[in-house]
$ cat upload-v6.cif   # mmCIF, C-alpha atoms and all ligand atoms
data_model
loop_
_atom_site.group_PDB
_atom_site.id
_atom_site.type_symbol
_atom_site.label_atom_id
_atom_site.label_comp_id
_atom_site.auth_asym_id
_atom_site.auth_seq_id
_atom_site.Cartn_x
_atom_site.Cartn_y
_atom_site.Cartn_z
ATOM 1 C CA MET D 112 -7.244 36.934 -90.189
ATOM 2 C CA GLU D 113 -5.345 33.730 -89.603
ATOM 3 C CA ILE D 114 -5.520 32.051 -86.159
ATOM 4 C CA VAL D 115 -2.612 29.948 -84.863
ATOM 5 C CA PRO D 116 -2.884 28.102 -81.538
ATOM 6 C CA LEU D 117 0.327 28.227 -79.474
ATOM 7 C CA PRO D 118 0.690 25.511 -76.828
ATOM 8 C CA LEU D 119 2.043 27.304 -73.723
ATOM 9 C CA LEU D 120 2.916 26.148 -70.195
ATOM 10 C CA ALA D 121 1.502 22.675 -69.396
ATOM 11 C CA ASP D 122 -1.817 22.704 -71.262
ATOM 12 C CA ASN D 123 -2.615 26.357 -72.048
ATOM 13 C CA TYR D 124 -3.310 27.854 -75.454
ATOM 14 C CA GLY D 125 -2.312 31.325 -76.508
ATOM 15 C CA TYR D 126 -3.547 32.345 -79.961
ATOM 16 C CA LEU D 127 -1.687 34.329 -82.568
ATOM 17 C CA LEU D 128 -3.990 36.438 -84.727
ATOM 18 C CA ILE D 129 -2.297 37.307 -87.988
ATOM 19 C CA ASP D 130 -3.231 39.584 -90.875
ATOM 20 C CA PRO D 131 -1.370 37.749 -93.671
ATOM 21 C CA ALA D 132 -1.430 40.782 -95.991
ATOM 22 C CA THR D 133 0.365 43.142 -93.604
ATOM 23 C CA ARG D 134 2.103 40.676 -91.208
ATOM 24 C CA ARG D 135 0.474 42.523 -88.301
ATOM 25 C CA ALA D 136 -0.252 40.256 -85.329
ATOM 26 C CA ALA D 137 -1.965 40.136 -81.953
ATOM 27 C CA VAL D 138 -1.946 37.444 -79.278
ATOM 28 C CA VAL D 139 -4.813 36.235 -77.109
ATOM 29 C CA ASP D 140 -3.688 35.151 -73.594
ATOM 30 C CA CYS D 141 0.063 35.586 -73.438
ATOM 31 C CA SER D 142 0.917 33.324 -70.519
ATOM 32 C CA GLU D 143 4.644 33.426 -71.243
ATOM 33 C CA ALA D 144 6.593 35.891 -73.357
ATOM 34 C CA GLY D 145 9.473 33.729 -74.645
ATOM 35 C CA PRO D 146 7.622 31.294 -76.927
ATOM 36 C CA VAL D 147 5.233 34.005 -78.156
ATOM 37 C CA LEU D 148 8.016 36.429 -79.119
ATOM 38 C CA ALA D 149 10.000 33.585 -80.711
ATOM 39 C CA GLU D 150 7.024 32.610 -82.894
ATOM 40 C CA VAL D 151 6.421 36.244 -83.844
ATOM 41 C CA GLU D 152 10.084 36.527 -84.878
ATOM 42 C CA ARG D 153 10.094 33.212 -86.731
ATOM 43 C CA ARG D 154 7.068 34.218 -88.790
ATOM 44 C CA GLY D 155 8.334 37.756 -89.432
ATOM 45 C CA LEU D 156 5.345 39.404 -87.738
ATOM 46 C CA ARG D 157 4.839 42.755 -86.036
ATOM 47 C CA LEU D 158 3.099 42.140 -82.687
ATOM 48 C CA GLU D 159 0.739 45.036 -81.971
ATOM 49 C CA ALA D 160 -1.588 43.884 -79.195
ATOM 50 C CA ILE D 161 -2.273 41.420 -76.410
ATOM 51 C CA LEU D 162 -5.859 40.468 -75.564
ATOM 52 C CA SER D 163 -6.220 39.089 -72.033
ATOM 53 C CA THR D 164 -9.328 37.050 -71.212
ATOM 54 C CA HIS D 165 -8.829 37.096 -67.420
ATOM 55 C CA HIS D 166 -6.329 37.828 -64.703
ATOM 56 C CA HIS D 167 -5.029 34.325 -63.900
ATOM 57 C CA TYR D 168 -1.272 33.933 -64.168
ATOM 58 C CA ASP D 169 -1.537 31.215 -66.828
ATOM 59 C CA HIS D 170 -3.249 33.775 -69.095
ATOM 60 C CA VAL D 171 -1.373 37.036 -68.392
ATOM 61 C CA GLY D 172 2.029 35.839 -67.104
ATOM 62 C CA GLY D 173 3.851 37.185 -70.183
ATOM 63 C CA ASN D 174 2.228 40.634 -70.371
ATOM 64 C CA GLU D 175 4.949 42.565 -68.493
ATOM 65 C CA ASP D 176 7.828 40.971 -70.389
ATOM 66 C CA VAL D 177 6.195 41.591 -73.771
ATOM 67 C CA ALA D 178 5.394 45.199 -72.806
ATOM 68 C CA ARG D 179 9.105 45.660 -71.958
ATOM 69 C CA ALA D 180 10.227 44.031 -75.216
ATOM 70 C CA ILE D 181 7.746 45.983 -77.378
ATOM 71 C CA PRO D 182 7.256 49.464 -75.872
ATOM 72 C CA GLY D 183 3.845 50.935 -76.684
ATOM 73 C CA ILE D 184 2.164 47.573 -77.375
ATOM 74 C CA ARG D 185 -1.593 47.660 -76.736
ATOM 75 C CA ILE D 186 -2.853 45.399 -73.944
ATOM 76 C CA LEU D 187 -6.623 44.941 -73.875
ATOM 77 C CA GLY D 188 -8.550 43.537 -70.929
ATOM 78 C CA SER D 189 -11.644 43.821 -68.792
ATOM 79 C CA ARG D 190 -12.284 47.097 -66.995
ATOM 80 C CA ALA D 191 -13.665 45.013 -64.118
ATOM 81 C CA ASP D 192 -10.266 43.315 -63.797
ATOM 82 C CA ALA D 193 -8.018 46.265 -64.713
ATOM 83 C CA ALA D 194 -6.152 46.196 -61.380
ATOM 84 C CA ARG D 195 -5.298 42.515 -61.849
ATOM 85 C CA ILE D 196 -4.212 42.484 -65.503
ATOM 86 C CA PRO D 197 -0.524 43.402 -65.767
ATOM 87 C CA ALA D 198 0.425 46.288 -68.094
ATOM 88 C CA ILE D 199 -3.181 46.778 -69.317
ATOM 89 C CA THR D 200 -3.604 49.836 -71.582
ATOM 90 C CA GLU D 201 -7.212 49.523 -72.871
ATOM 91 C CA LEU D 202 -10.067 48.863 -70.471
ATOM 92 C CA LEU D 203 -13.083 47.158 -72.059
ATOM 93 C CA ASP D 204 -16.642 47.067 -70.758
ATOM 94 C CA ASP D 205 -19.245 44.476 -71.691
ATOM 95 C CA ASP D 206 -20.119 44.760 -75.396
ATOM 96 C CA ALA D 207 -17.199 47.129 -76.115
ATOM 97 C CA GLU D 208 -16.141 47.200 -79.752
ATOM 98 C CA PHE D 209 -12.486 47.428 -80.675
ATOM 99 C CA GLU D 210 -10.156 46.856 -83.599
ATOM 100 C CA VAL D 211 -6.902 44.878 -83.771
ATOM 101 C CA ILE D 212 -4.779 44.152 -86.866
ATOM 102 C CA GLY D 213 -7.573 45.522 -89.041
ATOM 103 C CA SER D 214 -10.253 43.179 -87.654
ATOM 104 C CA ARG D 215 -13.200 44.339 -85.658
ATOM 105 C CA GLY D 216 -13.936 42.589 -82.392
ATOM 106 C CA ARG D 217 -16.389 42.764 -79.521
ATOM 107 C CA ALA D 218 -15.757 42.078 -75.833
ATOM 108 C CA ILE D 219 -18.373 39.958 -74.065
ATOM 109 C CA LEU D 220 -18.327 40.038 -70.258
ATOM 110 C CA ILE D 221 -18.750 36.453 -69.012
ATOM 111 C CA PRO D 222 -18.110 36.420 -65.243
ATOM 112 C CA ALA D 223 -17.998 33.358 -62.901
ATOM 113 C CA HIS D 224 -14.580 31.719 -63.426
ATOM 114 C CA THR D 225 -13.336 35.221 -62.526
ATOM 115 C CA SER D 226 -15.522 38.249 -61.918
ATOM 116 C CA GLY D 227 -14.125 40.223 -64.861
ATOM 117 C CA HIS D 228 -13.676 37.445 -67.434
ATOM 118 C CA LEU D 229 -14.029 38.510 -71.078
ATOM 119 C CA ALA D 230 -14.590 36.615 -74.303
ATOM 120 C CA TYR D 231 -13.399 38.188 -77.559
ATOM 121 C CA PHE D 232 -15.742 37.754 -80.523
ATOM 122 C CA PHE D 233 -14.671 38.470 -84.108
ATOM 123 C CA PRO D 234 -17.841 38.503 -86.262
ATOM 124 C CA ASP D 235 -16.063 38.861 -89.619
ATOM 125 C CA ASP D 236 -13.275 36.324 -89.087
ATOM 126 C CA GLY D 237 -14.720 32.817 -89.016
ATOM 127 C CA PRO D 238 -16.702 34.067 -87.012
ATOM 128 C CA SER D 239 -14.524 33.237 -84.020
ATOM 129 C CA VAL D 240 -14.698 33.563 -80.267
ATOM 130 C CA PHE D 241 -11.882 33.308 -77.735
ATOM 131 C CA SER D 242 -13.539 31.957 -74.614
ATOM 132 C CA GLY D 243 -10.637 31.743 -72.127
ATOM 133 C CA ASP D 244 -11.457 29.594 -69.101
ATOM 134 C CA THR D 245 -15.241 30.054 -69.304
ATOM 135 C CA LEU D 246 -16.319 27.831 -72.217
ATOM 136 C CA PHE D 247 -14.003 24.884 -72.895
ATOM 137 C CA ALA D 248 -14.572 22.277 -75.579
ATOM 138 C CA ALA D 249 -17.080 19.995 -73.800
ATOM 139 C CA GLY D 250 -16.550 21.758 -70.483
ATOM 140 C CA CYS D 251 -16.535 25.005 -68.526
ATOM 141 C CA GLY D 252 -14.239 26.734 -66.064
ATOM 142 C CA ARG D 253 -14.297 26.299 -62.317
ATOM 143 C CA LEU D 254 -16.353 28.778 -60.318
ATOM 144 C CA PHE D 255 -13.624 30.732 -58.539
ATOM 145 C CA GLU D 256 -15.406 34.107 -58.434
ATOM 146 C CA GLY D 257 -19.040 33.406 -59.259
ATOM 147 C CA SER D 258 -22.100 31.212 -58.732
ATOM 148 C CA PRO D 259 -23.559 28.421 -60.866
ATOM 149 C CA ALA D 260 -26.364 30.768 -61.944
ATOM 150 C CA GLN D 261 -23.828 33.364 -63.061
ATOM 151 C CA MET D 262 -21.839 30.799 -65.051
ATOM 152 C CA MET D 263 -25.048 29.599 -66.733
ATOM 153 C CA GLN D 264 -25.810 33.169 -67.731
ATOM 154 C CA SER D 265 -22.264 33.714 -69.049
ATOM 155 C CA LEU D 266 -22.326 30.495 -71.080
ATOM 156 C CA GLY D 267 -25.729 31.577 -72.377
ATOM 157 C CA LYS D 268 -24.160 34.750 -73.810
ATOM 158 C CA LEU D 269 -21.800 32.567 -75.859
ATOM 159 C CA ALA D 270 -24.457 29.997 -76.820
ATOM 160 C CA VAL D 271 -26.427 32.671 -78.719
ATOM 161 C CA LEU D 272 -23.507 33.365 -81.073
ATOM 162 C CA PRO D 273 -23.903 31.908 -84.606
ATOM 163 C CA GLU D 274 -23.664 28.082 -84.570
ATOM 164 C CA ALA D 275 -20.712 28.147 -86.979
ATOM 165 C CA THR D 276 -18.659 30.383 -84.657
ATOM 166 C CA GLN D 277 -15.273 28.776 -84.037
ATOM 167 C CA VAL D 278 -14.526 28.373 -80.326
ATOM 168 C CA TRP D 279 -10.896 28.791 -79.268
ATOM 169 C CA CYS D 280 -10.571 28.050 -75.548
ATOM 170 C CA GLY D 281 -7.852 28.524 -72.940
ATOM 171 C CA HIS D 282 -6.793 24.935 -72.209
ATOM 172 C CA GLU D 283 -6.430 21.529 -73.855
ATOM 173 C CA TYR D 284 -8.904 19.730 -71.591
ATOM 174 C CA THR D 285 -11.130 18.298 -74.314
ATOM 175 C CA GLU D 286 -10.348 14.587 -73.984
ATOM 176 C CA GLN D 287 -11.008 14.496 -70.236
ATOM 177 C CA ASN D 288 -14.085 16.716 -70.637
ATOM 178 C CA LEU D 289 -15.578 14.329 -73.186
ATOM 179 C CA ARG D 290 -15.049 11.338 -70.878
ATOM 180 C CA PHE D 291 -17.161 13.185 -68.328
ATOM 181 C CA ALA D 292 -19.765 14.179 -70.942
ATOM 182 C CA HIS D 293 -19.981 10.560 -72.112
ATOM 183 C CA ASP D 294 -20.482 9.352 -68.545
ATOM 184 C CA LEU D 295 -23.556 11.612 -68.244
ATOM 185 C CA GLU D 296 -24.947 10.916 -71.733
ATOM 186 C CA PRO D 297 -23.731 7.430 -72.699
ATOM 187 C CA THR D 298 -25.797 7.225 -75.915
ATOM 188 C CA ASN D 299 -25.361 10.780 -77.272
ATOM 189 C CA PRO D 300 -24.012 10.077 -80.798
ATOM 190 C CA ASP D 301 -22.345 13.507 -81.111
ATOM 191 C CA ILE D 302 -20.372 12.932 -77.910
ATOM 192 C CA ILE D 303 -19.350 9.440 -79.023
ATOM 193 C CA ALA D 304 -18.210 10.659 -82.446
ATOM 194 C CA LYS D 305 -16.339 13.632 -81.036
ATOM 195 C CA ARG D 306 -14.592 11.462 -78.439
ATOM 196 C CA THR D 307 -13.227 9.207 -81.168
ATOM 197 C CA ARG D 308 -12.047 12.190 -83.213
ATOM 198 C CA VAL D 309 -10.452 13.921 -80.220
ATOM 199 C CA GLU D 310 -8.650 10.794 -78.996
ATOM 200 C CA MET D 311 -7.135 10.418 -82.452
ATOM 201 C CA LEU D 312 -5.991 14.048 -82.501
ATOM 202 C CA ARG D 313 -4.395 13.768 -79.069
ATOM 203 C CA GLN D 314 -2.635 10.510 -79.963
ATOM 204 C CA ASN D 315 -1.022 12.469 -82.776
ATOM 205 C CA GLY D 316 -0.179 15.378 -80.467
ATOM 206 C CA ARG D 317 -2.575 17.700 -82.298
ATOM 207 C CA PRO D 318 -4.758 20.429 -80.728
ATOM 208 C CA THR D 319 -8.511 19.757 -80.477
ATOM 209 C CA VAL D 320 -9.368 23.433 -81.047
ATOM 210 C CA PRO D 321 -11.338 24.964 -82.567
ATOM 211 C CA SER D 322 -14.734 23.628 -81.660
ATOM 212 C CA THR D 323 -17.868 25.457 -82.774
ATOM 213 C CA ILE D 324 -20.829 26.840 -80.865
ATOM 214 C CA GLY D 325 -23.081 24.305 -82.622
ATOM 215 C CA GLU D 326 -20.811 21.415 -81.630
ATOM 216 C CA GLU D 327 -20.741 22.655 -78.036
ATOM 217 C CA LYS D 328 -24.532 22.743 -77.889
ATOM 218 C CA ARG D 329 -24.569 19.097 -78.988
ATOM 219 C CA THR D 330 -21.735 17.799 -76.751
ATOM 220 C CA ASN D 331 -21.056 20.104 -73.780
ATOM 221 C CA PRO D 332 -22.912 18.960 -70.623
ATOM 222 C CA PHE D 333 -22.812 22.512 -69.254
ATOM 223 C CA LEU D 334 -24.941 23.633 -72.216
ATOM 224 C CA ARG D 335 -27.166 20.557 -72.004
ATOM 225 C CA CYS D 336 -28.973 20.893 -68.678
ATOM 226 C CA GLU D 337 -32.231 20.169 -70.523
ATOM 227 C CA SER D 338 -31.036 16.872 -72.032
ATOM 228 C CA ALA D 339 -33.383 14.047 -71.045
ATOM 229 C CA GLU D 340 -30.582 11.492 -70.877
ATOM 230 C CA LEU D 341 -28.352 13.724 -68.768
ATOM 231 C CA ARG D 342 -31.238 14.337 -66.374
ATOM 232 C CA ARG D 343 -32.024 10.612 -66.217
ATOM 233 C CA THR D 344 -28.398 9.860 -65.309
ATOM 234 C CA LEU D 345 -28.290 12.501 -62.580
ATOM 235 C CA LEU D 346 -31.676 11.596 -61.084
ATOM 236 C CA SER D 347 -30.782 7.902 -61.013
ATOM 237 C CA ARG D 348 -27.667 8.747 -58.985
ATOM 238 C CA PHE D 349 -29.187 11.556 -56.901
ATOM 239 C CA PRO D 350 -32.916 10.839 -56.510
ATOM 240 C CA ASP D 351 -33.446 13.925 -54.318
ATOM 241 C CA LEU D 352 -31.938 16.328 -56.847
ATOM 242 C CA SER D 353 -34.175 19.250 -57.837
ATOM 243 C CA THR D 354 -35.103 19.317 -61.542
ATOM 244 C CA ASP D 355 -34.563 23.078 -61.647
ATOM 245 C CA SER D 356 -31.989 23.913 -64.371
ATOM 246 C CA THR D 357 -29.688 25.820 -62.022
ATOM 247 C CA ALA D 358 -29.658 22.912 -59.578
ATOM 248 C CA ILE D 359 -28.853 20.516 -62.430
ATOM 249 C CA PHE D 360 -26.061 22.815 -63.609
ATOM 250 C CA ALA D 361 -24.609 23.143 -60.096
ATOM 251 C CA LYS D 362 -24.642 19.350 -59.718
ATOM 252 C CA ILE D 363 -22.822 18.849 -63.040
ATOM 253 C CA ARG D 364 -20.171 21.401 -61.970
ATOM 254 C CA GLU D 365 -19.746 19.679 -58.595
ATOM 255 C CA LEU D 366 -19.424 16.236 -60.225
ATOM 256 C CA LYS D 367 -16.902 17.539 -62.743
ATOM 257 C CA ASP D 368 -14.788 19.043 -59.925
ATOM 258 C CA ASN D 369 -14.412 15.524 -58.533
ATOM 259 C CA PHE D 370 -14.425 13.471 -61.741
ATOM 260 C CA ARG D 371 -11.502 11.109 -62.254
ATOM 261 C CA GLY D 372 -12.408 9.358 -65.469
HETATM 262 ZN ZN ZN P 401 -8.185 30.736 -65.306
HETATM 263 FE FE FE P 402 -6.350 28.929 -67.089
#

$ encode --input "upload-v6.cif" --output "structure tokens" --more "lines below"
Ligand code: ZN
Ligand code: FE
Amino acid sequence: MEIVPLPLLADNYGYLLIDPATRRAAVVDCSEAGPVLAEVERRGLRLEAILSTHHHYDHVGGNEDVARAIPGIRILGSRADAARIPAITELLDDDAEFEVIGSRGRAILIPAHTSGHLAYFFPDDGPSVFSGDTLFAAGCGRLFEGSPAQMMQSLGKLAVLPEATQVWCGHEYTEQNLRFAHDLEPTNPDIIAKRTRVEMLRQNGRPTVPSTIGEEKRTNPFLRCESAELRRTLLSRFPDLSTDSTAIFAKIRELKDNFRG
């Protein structure tokens, strides 16, 4: 399947999934209907399904309009969030397997940003994972409906995917996230190299997705609570900080909430 990022709203990504042979398509996180339907039309596709990662408006805002425009379209989402995902037709539990446009996928329940947040993993296509607002390139989502420990656990469920798995996230936050990552690990060569690459992409108005799980393990501070340099930075600034991983993670999340780099 082919994956096409669609810039939506201010800095959101929806993703068109296309089977080139049959022109069947699905969309991950349809925050607005107009641009998605226009792209489907322009490419001569048949839109068969929407996959919603979580209930926030900037991820499901277009569901109702698309359901009206394409009667009978499948809308997949988390059973835990069924009441908050507009026009949902298929309720997925953790680890549920499904099929869209001829590709097999698996839902992974990754609560904390919201309590019912799902990632969608496609083992045969890339492999690829759509991580919504839980795992960003070099960052993670805010903890609106969960604790630091829960977010660590959710990120851990993505970190065990194959290193080559392409990561397609919900927002273009990468440049800012890497400034924060660099502040915590000033000599990490992977962060330095990725920052240069990402700044170039953004100067040219290009998306920074996809990342990969391997790249995230090397550059994302929220997956690097064990990094010696990161710990040195934090302990130099907060000498009383516990060295427990959850405490480190919670501190990184708190600092990121207030970071103006
Ligand atoms: Zn969100
Ligand atoms: Fe969002």

$ closest_residue --input "upload-v6.cif" --among "D:Met112, D:Leu120, D:Val211, D:Leu203" --to "Thr164 (chain D)" --atoms "all atoms listed in the file"
D:Leu203

$ residues_near_ligand --input "upload-v6.cif" --ligand "ligand ZN 401 (chain P)" --cutoff "7 Å" --atoms "all atoms listed in the file" --output "PDB file with C-alpha atoms, in the coordinates of the input"
ATOM      1  CA  HIS D 165      -8.829  37.096 -67.420  1.00  0.00           C
ATOM      2  CA  HIS D 167      -5.029  34.325 -63.900  1.00  0.00           C
ATOM      3  CA  ASP D 169      -1.537  31.215 -66.828  1.00  0.00           C
ATOM      4  CA  HIS D 170      -3.249  33.775 -69.095  1.00  0.00           C
ATOM      5  CA  HIS D 224     -14.580  31.719 -63.426  1.00  0.00           C
ATOM      6  CA  ASP D 244     -11.457  29.594 -69.101  1.00  0.00           C
TER       7      ASP D 244
END

$ closest_residue --input "upload-v6.cif" --among "D:Gly125, D:Gly281, D:Pro118, D:Pro131" --to "ligand FE 402 (chain P)" --atoms "all atoms listed in the file"
D:Gly281

$ closest_atom_pairs --input "upload-v6.cif" --of "chain D" --to "ligand FE 402 (chain P)" --cutoff "12 Å" --atoms "only C-alpha atoms and all ligand atoms" --output "JSON lines"
{"residue": "D:Leu119", "atom": "CA", "partner": "P:FE402", "partner_atom": "FE", "distance": 10.8}
{"residue": "D:Leu120", "atom": "CA", "partner": "P:FE402", "partner_atom": "FE", "distance": 10.2}
{"residue": "D:Ala121", "atom": "CA", "partner": "P:FE402", "partner_atom": "FE", "distance": 10.3}
{"residue": "D:Asp122", "atom": "CA", "partner": "P:FE402", "partner_atom": "FE", "distance": 8.8}
{"residue": "D:Asn123", "atom": "CA", "partner": "P:FE402", "partner_atom": "FE", "distance": 6.7}
{"residue": "D:Tyr124", "atom": "CA", "partner": "P:FE402", "partner_atom": "FE", "distance": 9.0}
{"residue": "D:Gly125", "atom": "CA", "partner": "P:FE402", "partner_atom": "FE", "distance": 10.5}
{"residue": "D:Asp140", "atom": "CA", "partner": "P:FE402", "partner_atom": "FE", "distance": 9.4}
{"residue": "D:Cys141", "atom": "CA", "partner": "P:FE402", "partner_atom": "FE", "distance": 11.2}
{"residue": "D:Ser142", "atom": "CA", "partner": "P:FE402", "partner_atom": "FE", "distance": 9.2}
{"residue": "D:Ser163", "atom": "CA", "partner": "P:FE402", "partner_atom": "FE", "distance": 11.3}
{"residue": "D:Thr164", "atom": "CA", "partner": "P:FE402", "partner_atom": "FE", "distance": 9.6}
{"residue": "D:His165", "atom": "CA", "partner": "P:FE402", "partner_atom": "FE", "distance": 8.5}
{"residue": "D:His166", "atom": "CA", "partner": "P:FE402", "partner_atom": "FE", "distance": 9.2}
{"residue": "D:His167", "atom": "CA", "partner": "P:FE402", "partner_atom": "FE", "distance": 6.4}
{"residue": "D:Tyr168", "atom": "CA", "partner": "P:FE402", "partner_atom": "FE", "distance": 7.7}
{"residue": "D:Asp169", "atom": "CA", "partner": "P:FE402", "partner_atom": "FE", "distance": 5.3}
{"residue": "D:His170", "atom": "CA", "partner": "P:FE402", "partner_atom": "FE", "distance": 6.1}
{"residue": "D:Val171", "atom": "CA", "partner": "P:FE402", "partner_atom": "FE", "distance": 9.6}
{"residue": "D:Gly172", "atom": "CA", "partner": "P:FE402", "partner_atom": "FE", "distance": 10.9}
{"residue": "D:His224", "atom": "CA", "partner": "P:FE402", "partner_atom": "FE", "distance": 9.4}
{"residue": "D:Thr225", "atom": "CA", "partner": "P:FE402", "partner_atom": "FE", "distance": 10.5}
{"residue": "D:His228", "atom": "CA", "partner": "P:FE402", "partner_atom": "FE", "distance": 11.2}
{"residue": "D:Ser242", "atom": "CA", "partner": "P:FE402", "partner_atom": "FE", "distance": 10.8}
{"residue": "D:Gly243", "atom": "CA", "partner": "P:FE402", "partner_atom": "FE", "distance": 7.2}
{"residue": "D:Asp244", "atom": "CA", "partner": "P:FE402", "partner_atom": "FE", "distance": 5.5}
{"residue": "D:Thr245", "atom": "CA", "partner": "P:FE402", "partner_atom": "FE", "distance": 9.2}
{"residue": "D:Leu246", "atom": "CA", "partner": "P:FE402", "partner_atom": "FE", "distance": 11.3}
{"residue": "D:Phe247", "atom": "CA", "partner": "P:FE402", "partner_atom": "FE", "distance": 10.4}
{"residue": "D:Cys251", "atom": "CA", "partner": "P:FE402", "partner_atom": "FE", "distance": 11.0}
{"residue": "D:Gly252", "atom": "CA", "partner": "P:FE402", "partner_atom": "FE", "distance": 8.3}
{"residue": "D:Arg253", "atom": "CA", "partner": "P:FE402", "partner_atom": "FE", "distance": 9.6}
{"residue": "D:Phe255", "atom": "CA", "partner": "P:FE402", "partner_atom": "FE", "distance": 11.4}
{"residue": "D:Cys280", "atom": "CA", "partner": "P:FE402", "partner_atom": "FE", "distance": 9.5}
{"residue": "D:Gly281", "atom": "CA", "partner": "P:FE402", "partner_atom": "FE", "distance": 6.1}
{"residue": "D:His282", "atom": "CA", "partner": "P:FE402", "partner_atom": "FE", "distance": 6.5}
{"residue": "D:Glu283", "atom": "CA", "partner": "P:FE402", "partner_atom": "FE", "distance": 10.0}
{"residue": "D:Tyr284", "atom": "CA", "partner": "P:FE402", "partner_atom": "FE", "distance": 10.6}

$ resolve_selection --input "upload-v6.cif" --expression "the PyMOL selection byres (((chain D and resi 325-337) around 6) and not hetatm)" --output "count of residues only"
8

$ resolve_selection --input "upload-v6.cif" --expression "the PyMOL selection byres (((chain D and resi 177) around 10) and not hetatm)" --output "PDB file with C-alpha atoms, keeping the file's coordinate frame"
ATOM      1  CA  CYS D 141       0.063  35.586 -73.438  1.00  0.00           C
ATOM      2  CA  GLU D 143       4.644  33.426 -71.243  1.00  0.00           C
ATOM      3  CA  ALA D 144       6.593  35.891 -73.357  1.00  0.00           C
ATOM      4  CA  GLY D 145       9.473  33.729 -74.645  1.00  0.00           C
ATOM      5  CA  VAL D 147       5.233  34.005 -78.156  1.00  0.00           C
ATOM      6  CA  LEU D 148       8.016  36.429 -79.119  1.00  0.00           C
ATOM      7  CA  LEU D 158       3.099  42.140 -82.687  1.00  0.00           C
ATOM      8  CA  ALA D 160      -1.588  43.884 -79.195  1.00  0.00           C
ATOM      9  CA  ILE D 161      -2.273  41.420 -76.410  1.00  0.00           C
ATOM     10  CA  GLY D 172       2.029  35.839 -67.104  1.00  0.00           C
ATOM     11  CA  GLY D 173       3.851  37.185 -70.183  1.00  0.00           C
ATOM     12  CA  ASN D 174       2.228  40.634 -70.371  1.00  0.00           C
ATOM     13  CA  GLU D 175       4.949  42.565 -68.493  1.00  0.00           C
ATOM     14  CA  ASP D 176       7.828  40.971 -70.389  1.00  0.00           C
ATOM     15  CA  ALA D 178       5.394  45.199 -72.806  1.00  0.00           C
ATOM     16  CA  ARG D 179       9.105  45.660 -71.958  1.00  0.00           C
ATOM     17  CA  ALA D 180      10.227  44.031 -75.216  1.00  0.00           C
ATOM     18  CA  ILE D 181       7.746  45.983 -77.378  1.00  0.00           C
ATOM     19  CA  PRO D 182       7.256  49.464 -75.872  1.00  0.00           C
ATOM     20  CA  ILE D 184       2.164  47.573 -77.375  1.00  0.00           C
ATOM     21  CA  ILE D 186      -2.853  45.399 -73.944  1.00  0.00           C
ATOM     22  CA  ALA D 198       0.425  46.288 -68.094  1.00  0.00           C
TER      23      ALA D 198
END

$ atom_distance --input "upload-v6.cif" --atom1 "CA of Leu254 (chain D)" --atom2 "CA of Phe360 (chain D)"
11.9 Å

$ atom_distance --input "upload-v6.cif" --atom1 "CA of Arg342 (chain D)" --atom2 "CA of Ala361 (chain D)"
12.7 Å

$ closest_residue --input "upload-v6.cif" --among "D:Ala339, D:Ile212, D:Leu352, D:Ala191" --to "Val138 (chain D)" --atoms "only C-alpha atoms"
D:Ile212

$ resolve_selection --input "upload-v6.cif" --expression "the PyMOL selection byres (((chain D and resi 260-266) around 7) and not hetatm)" --output "tab-separated table (two decimals) with C-alpha atoms, in the frame of the given file"
chain	number	residue	atom	x	y	z
D	221	ILE	CA	-18.75	36.45	-69.01
D	222	PRO	CA	-18.11	36.42	-65.24
D	223	ALA	CA	-18.00	33.36	-62.90
D	246	LEU	CA	-16.32	27.83	-72.22
D	257	GLY	CA	-19.04	33.41	-59.26
D	258	SER	CA	-22.10	31.21	-58.73
D	259	PRO	CA	-23.56	28.42	-60.87
D	267	GLY	CA	-25.73	31.58	-72.38
D	268	LYS	CA	-24.16	34.75	-73.81
D	269	LEU	CA	-21.80	32.57	-75.86
D	270	ALA	CA	-24.46	30.00	-76.82
D	357	THR	CA	-29.69	25.82	-62.02

$ atom_distance --input "upload-v6.cif" --atom1 "CA of Ser214 (chain D)" --atom2 "CA of Trp279 (chain D)"
16.7 Å

$ residues_around --input "upload-v6.cif" --residues "Ala230 (chain D)" --least-positions-apart "2" --cutoff "6 Å" --atoms "only C-alpha atoms" --output "VMD selection string"
chain D and resid 218 to 219 241 to 242

$ residues_around --input "upload-v6.cif" --residues "Lys367 (chain D)" --least-positions-apart "4" --cutoff "9 Å" --atoms "only C-alpha atoms" --output "PDB file with C-alpha atoms, in the frame of the given file"
ATOM      1  CA  GLY D 250     -16.550  21.758 -70.483  1.00  0.00           C
ATOM      2  CA  ASN D 288     -14.085  16.716 -70.637  1.00  0.00           C
ATOM      3  CA  PHE D 291     -17.161  13.185 -68.328  1.00  0.00           C
ATOM      4  CA  LYS D 362     -24.642  19.350 -59.718  1.00  0.00           C
ATOM      5  CA  ILE D 363     -22.822  18.849 -63.040  1.00  0.00           C
ATOM      6  CA  ARG D 371     -11.502  11.109 -62.254  1.00  0.00           C
TER       7      ARG D 371
END

$ axis_aligned_box --input "upload-v6.cif" --around "region 132-146 of chain D" --padding-each-side "6 Å" --output "JSON"
{"center_x": 2.3, "center_y": 37.2, "center_z": -83.3, "size_x": 26.3, "size_y": 23.8, "size_z": 37.5}
